Amino acid sequence: MNGARLGWLLAVVIGLLLVLGGGGAASARSAARPAAKHRHRARLSPGHLGHLVAHRRGPKRSRPWVSRQSERAAAERGAAAQPDANGPPDVAFVTLTTAAKGTSFYVDSRPVGTGSTVRQSLPPGYHQFQAVHPSGARWQKYLSFEAGDDRQLIIHW
């Protein structure tokens with residue numbers, strides 16, 4: 001027999017042994033890692049990847065137990081942590097403008113409008129902007145925005 005046929009035959013035999021449960025590697029693997037009682041509740045622990053840990057939940061409660069002192073302290077913290085109305089906004093704005101009417105505009109691959117001008121609010125962070133001309137030409141730009149930014153992007157075809 002040549003090497004290719006021998007390798008293929010060996011792979012088939014090992015595969016059948018594993019499927020039928022007679023493989024030494026399969027039995028060694030199951031002995032090293034005990035099976036969880038409920039497979040759907042088993043999860044991997046973050047510190048030991050590969051070891052199964054049974055997921056257990058505590059008793060169900062209709063309302064979590066909280067002392068009155070901690071409720072008052074949380075209310076005081078919440079009142080102190082409220083932002084004032086004149087503070088900076090937590091969103092950014094962008095205006096996309098082009099001379100071609102019927103242009104389709106997309107922000108982060110989501111359609112935001114069609115026409116020659118579109119204004120969109122977005123959360124601070126890194127965003128992808130796209131415009132598709134009625135002829136099919138495409139324009140794309142990646143920009144980072146901070147809270148309170150208000151930018152205008154003018155697209156020249």
# chains A, B, ... in the order shown; residues from 1 in each chain; ligands from 1

call {"tool": "residues_around", "arguments": {"residues": "Trp157 in chain A", "least_positions_apart": "4", "cutoff": "10 Å", "atoms": "only C-alpha atoms", "output": "number ranges by chain"}}
result
A: 98-100, 133, 137-139

call {"tool": "atom_distance", "arguments": {"atom1": "CA of Val118 in chain A", "atom2": "CA of Thr95 in chain A"}}
result
5.6 Å

call {"tool": "closest_residue", "arguments": {"among": "A:Leu20, A:Gly3, A:Val107, A:Leu9", "to": "Pro123 in chain A", "atoms": "only C-alpha atoms"}}
result
A:Val107
